[in-house]
>>> print(open('coords.pdb').read())   # PDB, C-alpha atoms
ATOM      1  CA  GLY A   1     -94.528 128.699 -35.062
ATOM      2  CA  CYS A   2     -91.632 130.999 -35.601
ATOM      3  CA  ILE A   3     -89.932 133.149 -32.987
ATOM      4  CA  GLY A   4     -89.698 136.701 -34.297
ATOM      5  CA  VAL A   5     -86.724 138.816 -33.374
ATOM      6  CA  ASP A   6     -87.933 142.158 -34.765
ATOM      7  CA  ARG A   7     -88.020 143.490 -31.208
ATOM      8  CA  PHE A   8     -84.257 143.089 -30.972
ATOM      9  CA  ARG A   9     -83.443 144.960 -34.192
ATOM     10  CA  GLY A  10     -81.266 147.962 -33.560
ATOM     11  CA  SER A  11     -80.582 146.960 -29.956
ATOM     12  CA  ARG A  12     -77.261 145.917 -28.473
ATOM     13  CA  VAL A  13     -78.366 142.257 -28.337
ATOM     14  CA  SER A  14     -79.678 141.952 -31.906
ATOM     15  CA  SER A  15     -76.611 140.140 -33.180
ATOM     16  CA  LEU A  16     -76.552 137.819 -30.160
ATOM     17  CA  ALA A  17     -80.242 137.064 -30.556
ATOM     18  CA  LEU A  18     -79.924 136.275 -34.253
ATOM     19  CA  LEU A  19     -76.845 134.131 -33.658
ATOM     20  CA  LEU A  20     -78.562 132.210 -30.873
ATOM     21  CA  LEU A  21     -81.574 131.439 -33.012
ATOM     22  CA  HIS A  22     -79.439 130.631 -36.030
ATOM     23  CA  LEU A  23     -77.510 128.025 -34.058
ATOM     24  CA  GLY A  24     -80.750 126.448 -32.974
ATOM     25  CA  GLY A  25     -82.845 126.497 -36.132
ATOM     26  CA  ARG A  26     -83.466 127.556 -39.735
ATOM     27  CA  HIS A  27     -84.828 130.737 -41.358
ATOM     28  CA  CYS A  28     -88.583 131.231 -41.580
ATOM     29  CA  ASP A  29     -88.266 134.670 -43.154
ATOM     30  CA  ARG A  30     -85.754 137.506 -43.158
ATOM     31  CA  TRP A  31     -85.988 138.374 -39.443
ATOM     32  CA  SER A  32     -87.315 135.223 -37.782
ATOM     33  CA  MET A  33     -86.284 131.606 -37.402
ATOM     34  CA  ARG A  34     -87.960 128.349 -36.576
ATOM     35  CA  PRO A  35     -85.893 126.772 -33.785
ATOM     36  CA  THR A  36     -85.171 123.085 -33.716
ATOM     37  CA  TRP A  37     -84.556 123.312 -29.931
ATOM     38  CA  PRO A  38     -87.433 123.748 -27.428
ATOM     39  CA  ARG A  39     -88.883 127.250 -27.389
ATOM     40  CA  PHE A  40     -88.918 127.271 -23.577
ATOM     41  CA  LEU A  41     -85.116 127.280 -23.694
ATOM     42  CA  ALA A  42     -84.677 129.942 -26.359
ATOM     43  CA  LEU A  43     -86.910 132.635 -24.922
ATOM     44  CA  PRO A  44     -85.401 132.740 -21.379
ATOM     45  CA  VAL A  45     -81.905 133.021 -22.833
ATOM     46  CA  LEU A  46     -82.973 135.884 -25.109
ATOM     47  CA  CYS A  47     -84.550 137.664 -22.129
ATOM     48  CA  LEU A  48     -81.336 137.235 -20.134
ATOM     49  CA  LEU A  49     -79.311 138.753 -22.951
ATOM     50  CA  ALA A  50     -81.662 141.732 -23.032
ATOM     51  CA  LEU A  51     -81.248 142.511 -19.317
ATOM     52  CA  PRO A  52     -79.394 145.728 -18.417
ATOM     53  CA  LEU A  53     -75.812 145.137 -17.330
ATOM     54  CA  GLY A  54     -76.605 146.453 -13.853
ATOM     55  CA  LEU A  55     -79.127 143.668 -13.299
ATOM     56  CA  ARG A  56     -76.714 140.983 -14.449
ATOM     57  CA  GLY A  57     -73.799 142.163 -12.295
ATOM     58  CA  ALA A  58     -71.390 144.107 -14.482
ATOM     59  CA  PRO A  59     -67.748 142.965 -14.336
ATOM     60  CA  GLY A  60     -65.805 145.233 -11.995
ATOM     61  CA  ALA A  61     -68.849 146.303  -9.988
ATOM     62  CA  LEU A  62     -68.578 146.355  -6.185
ATOM     63  CA  ASP A  63     -69.677 143.151  -4.463
ATOM     64  CA  SER A  64     -72.539 144.212  -2.197
ATOM     65  CA  GLY A  65     -72.156 140.986  -0.229
ATOM     66  CA  PHE A  66     -68.741 142.053   1.092
ATOM     67  CA  GLY A  67     -68.240 144.548   3.925
ATOM     68  CA  ASP A  68     -70.199 147.777   3.517
ATOM     69  CA  GLY A  69     -71.406 147.740  -0.066
ATOM     70  CA  GLY A  70     -68.220 146.090  -1.311
ATOM     71  CA  THR A  71     -65.635 147.955   0.776
ATOM     72  CA  LEU A  72     -64.099 147.423   4.201
ATOM     73  CA  GLY A  73     -61.767 149.622   6.180
ATOM     74  CA  ALA A  74     -63.042 151.063   9.445
ATOM     75  CA  PRO A  75     -62.905 147.842  11.544
ATOM     76  CA  LEU A  76     -59.151 147.470  10.920
ATOM     77  CA  GLY A  77     -57.915 151.043  10.719
ATOM     78  CA  GLY A  78     -54.429 152.008   9.594
ATOM     79  CA  THR A  79     -53.119 150.942   6.197
ATOM     80  CA  ALA A  80     -53.286 147.592   4.404
ATOM     81  CA  ASN A  81     -50.167 146.531   2.492
ATOM     82  CA  ALA A  82     -50.810 142.915   1.478
ATOM     83  CA  VAL A  83     -53.714 140.537   0.916
ATOM     84  CA  ALA A  84     -54.185 136.847   0.141
ATOM     85  CA  SER A  85     -57.144 134.522  -0.263
ATOM     86  CA  LEU A  86     -57.686 131.059   1.211
ATOM     87  CA  SER A  87     -59.242 128.279  -0.852
ATOM     88  CA  ASP A  88     -62.465 128.491   1.192
ATOM     89  CA  GLY A  89     -62.975 132.196   0.392
ATOM     90  CA  ARG A  90     -61.571 133.664   3.606
ATOM     91  CA  ILE A  91     -59.219 136.625   3.233
ATOM     92  CA  VAL A  92     -55.965 137.476   5.015
ATOM     93  CA  VAL A  93     -54.886 141.126   5.166
ATOM     94  CA  GLY A  94     -51.593 142.513   6.476
ATOM     95  CA  GLY A  95     -50.715 146.107   7.309
ATOM     96  CA  SER A  96     -49.985 148.620  10.041
ATOM     97  CA  PHE A  97     -52.553 146.865  12.255
ATOM     98  CA  GLY A  98     -50.752 143.513  12.019
ATOM     99  CA  VAL A  99     -52.608 140.613  10.400
ATOM    100  CA  ALA A 100     -56.364 140.130  10.124
ATOM    101  CA  ARG A 101     -58.347 137.219   8.753
ATOM    102  CA  LEU A 102     -61.810 137.846   7.384
ATOM    103  CA  LEU A 103     -64.702 135.635   6.443
ATOM    104  CA  GLU A 104     -65.960 135.717   2.867
ATOM    105  CA  ASP A 105     -68.435 138.491   3.701
ATOM    106  CA  GLY A 106     -65.718 140.674   5.274
ATOM    107  CA  SER A 107     -66.587 140.052   8.917
ATOM    108  CA  PRO A 108     -63.731 139.101  11.310
ATOM    109  CA  ASP A 109     -62.824 135.415  11.550
ATOM    110  CA  ALA A 110     -63.098 134.758  15.289
ATOM    111  CA  SER A 111     -61.032 131.555  14.977
ATOM    112  CA  PHE A 112     -57.918 133.601  14.140
ATOM    113  CA  GLY A 113     -55.929 135.414  16.836
ATOM    114  CA  ALA A 114     -57.988 137.692  19.080
ATOM    115  CA  GLY A 115     -61.281 138.413  17.371
ATOM    116  CA  GLY A 116     -59.789 137.847  13.925
ATOM    117  CA  GLN A 117     -56.641 139.936  14.390
ATOM    118  CA  VAL A 118     -53.004 139.340  15.359
ATOM    119  CA  THR A 119     -50.541 142.078  16.269
ATOM    120  CA  ILE A 120     -46.822 141.472  15.822
ATOM    121  CA  SER A 121     -44.273 143.230  17.993
ATOM    122  CA  LEU A 122     -40.528 143.349  17.519
ATOM    123  CA  SER A 123     -40.234 145.333  20.734
ATOM    124  CA  THR A 124     -42.402 145.765  23.795
ATOM    125  CA  ASN A 125     -43.415 149.285  22.806
ATOM    126  CA  GLN A 126     -44.323 148.969  19.146
ATOM    127  CA  THR A 127     -46.746 147.073  16.933
ATOM    128  CA  ALA A 128     -44.865 146.255  13.745
ATOM    129  CA  SER A 129     -46.355 146.898  10.322
ATOM    130  CA  VAL A 130     -46.680 143.922   7.966
ATOM    131  CA  GLY A 131     -45.248 144.658   4.520
ATOM    132  CA  ALA A 132     -45.910 141.368   2.709
ATOM    133  CA  LEU A 133     -47.442 137.958   3.296
ATOM    134  CA  VAL A 134     -47.694 134.551   1.670
ATOM    135  CA  LEU A 135     -49.823 131.510   2.484
ATOM    136  CA  GLN A 136     -48.290 128.038   2.616
ATOM    137  CA  PRO A 137     -50.201 124.964   1.384
ATOM    138  CA  ASP A 138     -50.411 123.679   4.964
ATOM    139  CA  GLY A 139     -52.315 126.796   6.070
ATOM    140  CA  LYS A 140     -49.392 128.510   7.781
ATOM    141  CA  LEU A 141     -48.833 132.192   7.036
ATOM    142  CA  VAL A 142     -45.455 133.915   6.563
ATOM    143  CA  VAL A 143     -45.384 137.701   6.920
ATOM    144  CA  SER A 144     -42.600 140.257   6.646
ATOM    145  CA  VAL A 145     -41.958 142.922   9.278
ATOM    146  CA  GLY A 146     -39.040 145.175   8.347
ATOM    147  CA  ASN A 147     -36.131 142.784   7.772
ATOM    148  CA  ALA A 148     -37.770 139.979   9.777
ATOM    149  CA  LEU A 149     -40.000 137.130   8.694
ATOM    150  CA  VAL A 150     -42.660 135.766  11.023
ATOM    151  CA  ARG A 151     -44.642 132.564  10.570
ATOM    152  CA  LEU A 152     -48.064 132.076  12.079
ATOM    153  CA  LEU A 153     -50.055 128.901  12.506
ATOM    154  CA  ALA A 154     -53.577 128.712  11.077
ATOM    155  CA  SER A 155     -54.853 129.782  14.502
ATOM    156  CA  GLY A 156     -52.763 132.976  14.406
ATOM    157  CA  ALA A 157     -50.264 131.804  17.039
ATOM    158  CA  LEU A 158     -46.528 132.094  16.393
ATOM    159  CA  ASP A 159     -45.037 128.951  14.853
ATOM    160  CA  PRO A 160     -42.238 127.802  17.219
ATOM    161  CA  GLY A 161     -40.832 125.584  14.468
ATOM    162  CA  PHE A 162     -39.857 128.572  12.334
ATOM    163  CA  GLY A 163     -36.630 130.468  12.999
ATOM    164  CA  GLN A 164     -36.404 131.396  16.670
ATOM    165  CA  ASP A 165     -39.834 131.178  18.297
ATOM    166  CA  GLY A 166     -41.523 132.030  14.994
ATOM    167  CA  PHE A 167     -39.152 134.849  13.946
ATOM    168  CA  SER A 168     -36.434 134.688  11.296
ATOM    169  CA  VAL A 169     -34.381 137.884  10.950
ATOM    170  CA  GLU A 170     -32.410 138.579   7.766
ATOM    171  CA  PRO A 171     -28.948 139.736   8.944
ATOM    172  CA  ALA A 172     -28.492 143.297   7.748
ATOM    173  CA  GLY A 173     -24.885 143.819   8.750
ATOM    174  CA  SER A 174     -23.276 147.029   9.920
ATOM    175  CA  ASN A 175     -24.446 150.367   8.504
ATOM    176  CA  ARG A 176     -27.168 148.627   6.511
ATOM    177  CA  SER A 177     -30.931 148.620   6.799
ATOM    178  CA  ASP A 178     -33.056 146.028   4.981
ATOM    179  CA  VAL A 179     -36.799 146.086   4.346
ATOM    180  CA  ILE A 180     -38.744 143.138   2.876
ATOM    181  CA  THR A 181     -41.687 144.222   0.724
ATOM    182  CA  ALA A 182     -42.665 141.046  -1.183
ATOM    183  CA  LEU A 183     -42.806 137.307  -0.527
ATOM    184  CA  MET A 184     -43.195 134.318  -2.827
ATOM    185  CA  LEU A 185     -43.271 130.574  -2.205
ATOM    186  CA  GLN A 186     -41.503 128.486  -4.852
ATOM    187  CA  PRO A 187     -43.021 125.184  -6.048
ATOM    188  CA  ASP A 188     -40.262 123.294  -4.211
ATOM    189  CA  GLY A 189     -41.239 124.962  -0.917
ATOM    190  CA  ARG A 190     -38.413 127.469  -0.629
ATOM    191  CA  LEU A 191     -39.342 131.023   0.295
ATOM    192  CA  ILE A 192     -38.205 134.067  -1.701
ATOM    193  CA  ALA A 193     -38.201 137.511  -0.077
ATOM    194  CA  SER A 194     -37.451 140.746  -1.904
ATOM    195  CA  GLY A 195     -37.264 144.405  -1.021
ATOM    196  CA  PHE A 196     -34.541 147.001  -0.678
ATOM    197  CA  THR A 197     -31.465 147.716   1.382
ATOM    198  CA  SER A 198     -29.972 151.046   2.422
ATOM    199  CA  LEU A 199     -26.189 151.123   2.532
ATOM    200  CA  GLY A 200     -23.791 154.067   2.588
ATOM    201  CA  GLY A 201     -26.501 156.585   1.709
ATOM    202  CA  GLY A 202     -27.682 154.617  -1.332
ATOM    203  CA  VAL A 203     -30.524 152.179  -1.941
ATOM    204  CA  ALA A 204     -30.294 148.829  -3.758
ATOM    205  CA  PHE A 205     -32.661 145.940  -4.364
ATOM    206  CA  LEU A 206     -32.624 142.952  -2.043
ATOM    207  CA  VAL A 207     -33.465 139.297  -2.725
ATOM    208  CA  VAL A 208     -33.252 136.581  -0.059
ATOM    209  CA  ARG A 209     -34.044 132.853  -0.306
ATOM    210  CA  LEU A 210     -34.710 130.646   2.701
ATOM    211  CA  ASP A 211     -33.728 127.003   2.771
ATOM    212  CA  ARG A 212     -36.520 124.395   2.718
ATOM    213  CA  LYS A 213     -35.606 123.362   6.252
ATOM    214  CA  SER A 214     -36.376 126.899   7.416
ATOM    215  CA  VAL A 215     -39.815 126.837   5.833
TER     216      VAL A 215
END
>>> encode(input="coords.pdb", output="structure tokens")
Amino acid sequence: GCIGVDRFRGSRVSSLALLLLHLGGRHCDRWSMRPTWPRFLALPVLCLLALPLGLRGAPGALDSGFGDGGTLGAPLGGTANAVASLSDGRIVVGGSFGVARLLEDGSPDASFGAGGQVTISLSTNQTASVGALVLQPDGKLVVSVGNALVRLLASGALDPGFGQDGFSVEPAGSNRSDVITALMLQPDGRLIASGFTSLGGGVAFLVVRLDRKSV
């Protein structure tokens, strides 16, 4: 028996169907082929190719298994400025709310901070906004808050072995205001921070590198 492909003529999968059958067999007539591979393998693959893109999960479509139909925002509030992913699928988000760690489905990770969230304060009256973050191979998390860097343990607690009680402040100097907006960890373990500095009414770019001993 031959497997006819007349049904695929003129469709968007006709070329794929013909190619698939050609790779697996020889011509029987102009529009059909006799496969040398088992028919039970050819037909399911052809059916899969004929499925609408919506049924196969089109690239770029929202992931319905995350948050509310693929989006998440209300539980955190405020604005999100940075995001990173752990190897196990969990997600770390930084923003005006501090730092939050989410499970793969978007629900809060209760093993991080208080109910999945950590707030960072540079003063007793203000929750600082996180501008950037980077994950270290050992699971520790470095985040930027203005011109300061903060390192958290995997539990969300401040890392006392980093800077002073978990804080490392980039010295701005007189009449100068620095803001760190991006972080990167070099292969050798040193930390690169970049952003901008305001000095004398002008703005210039800023790049800072921390020594390995600091990280």
>>> closest_residue(input="coords.pdb", among="A:Gly139, A:Gly65, A:Gly166, A:Gly131", to="Gly195 (chain A)", atoms="only C-alpha atoms")
A:Gly131
>>> resolve_selection(input="coords.pdb", expression="the PyMOL selection byres ((chain A and resi 194) around 6)", output="MDAnalysis selection string")
chainID A and resid 180 182 193 195 206:207
>>> write_last_selection(input="coords.pdb", atoms="C-alpha atoms", output="mmCIF file, keeping the file's coordinate frame")
data_model
loop_
_atom_site.group_PDB
_atom_site.id
_atom_site.type_symbol
_atom_site.label_atom_id
_atom_site.label_comp_id
_atom_site.auth_asym_id
_atom_site.auth_seq_id
_atom_site.Cartn_x
_atom_site.Cartn_y
_atom_site.Cartn_z
ATOM 1 C CA ILE A 180 -38.744 143.138 2.876
ATOM 2 C CA ALA A 182 -42.665 141.046 -1.183
ATOM 3 C CA ALA A 193 -38.201 137.511 -0.077
ATOM 4 C CA GLY A 195 -37.264 144.405 -1.021
ATOM 5 C CA LEU A 206 -32.624 142.952 -2.043
ATOM 6 C CA VAL A 207 -33.465 139.297 -2.725
#
>>> closest_residue(input="coords.pdb", among="A:Val118, A:Ala82, A:Leu62, A:Leu149", to="Val179 (chain A)", atoms="only C-alpha atoms")
A:Leu149
>>> residues_around(input="coords.pdb", residues="region 88-94 of chain A", least_positions_apart="6", cutoff="8 Å", atoms="all atoms listed in the file", output="PyMOL selection string")
chain A and resi 80-82+100-104+106+129-133+143
>>> atom_distance(input="coords.pdb", atom1="CA of Leu210 (chain A)", atom2="CA of Ser177 (chain A)")
18.8 Å
>>> residues_around(input="coords.pdb", residues="Arg151 (chain A)", least_positions_apart="6", cutoff="6 Å", atoms="only C-alpha atoms", output="list in words")
Leu141, Val142, Asp159 and Gly166 of chain A
>>> atom_distance(input="coords.pdb", atom1="CA of Phe162 (chain A)", atom2="CA of Ser121 (chain A)")
16.3 Å
>>> residues_around(input="coords.pdb", residues="Ala204 (chain A)", least_positions_apart="4", cutoff="10 Å", atoms="all atoms listed in the file", output="list in words")
Asp178, Gly195, Phe196, Thr197, Ser198 and Leu199 of chain A
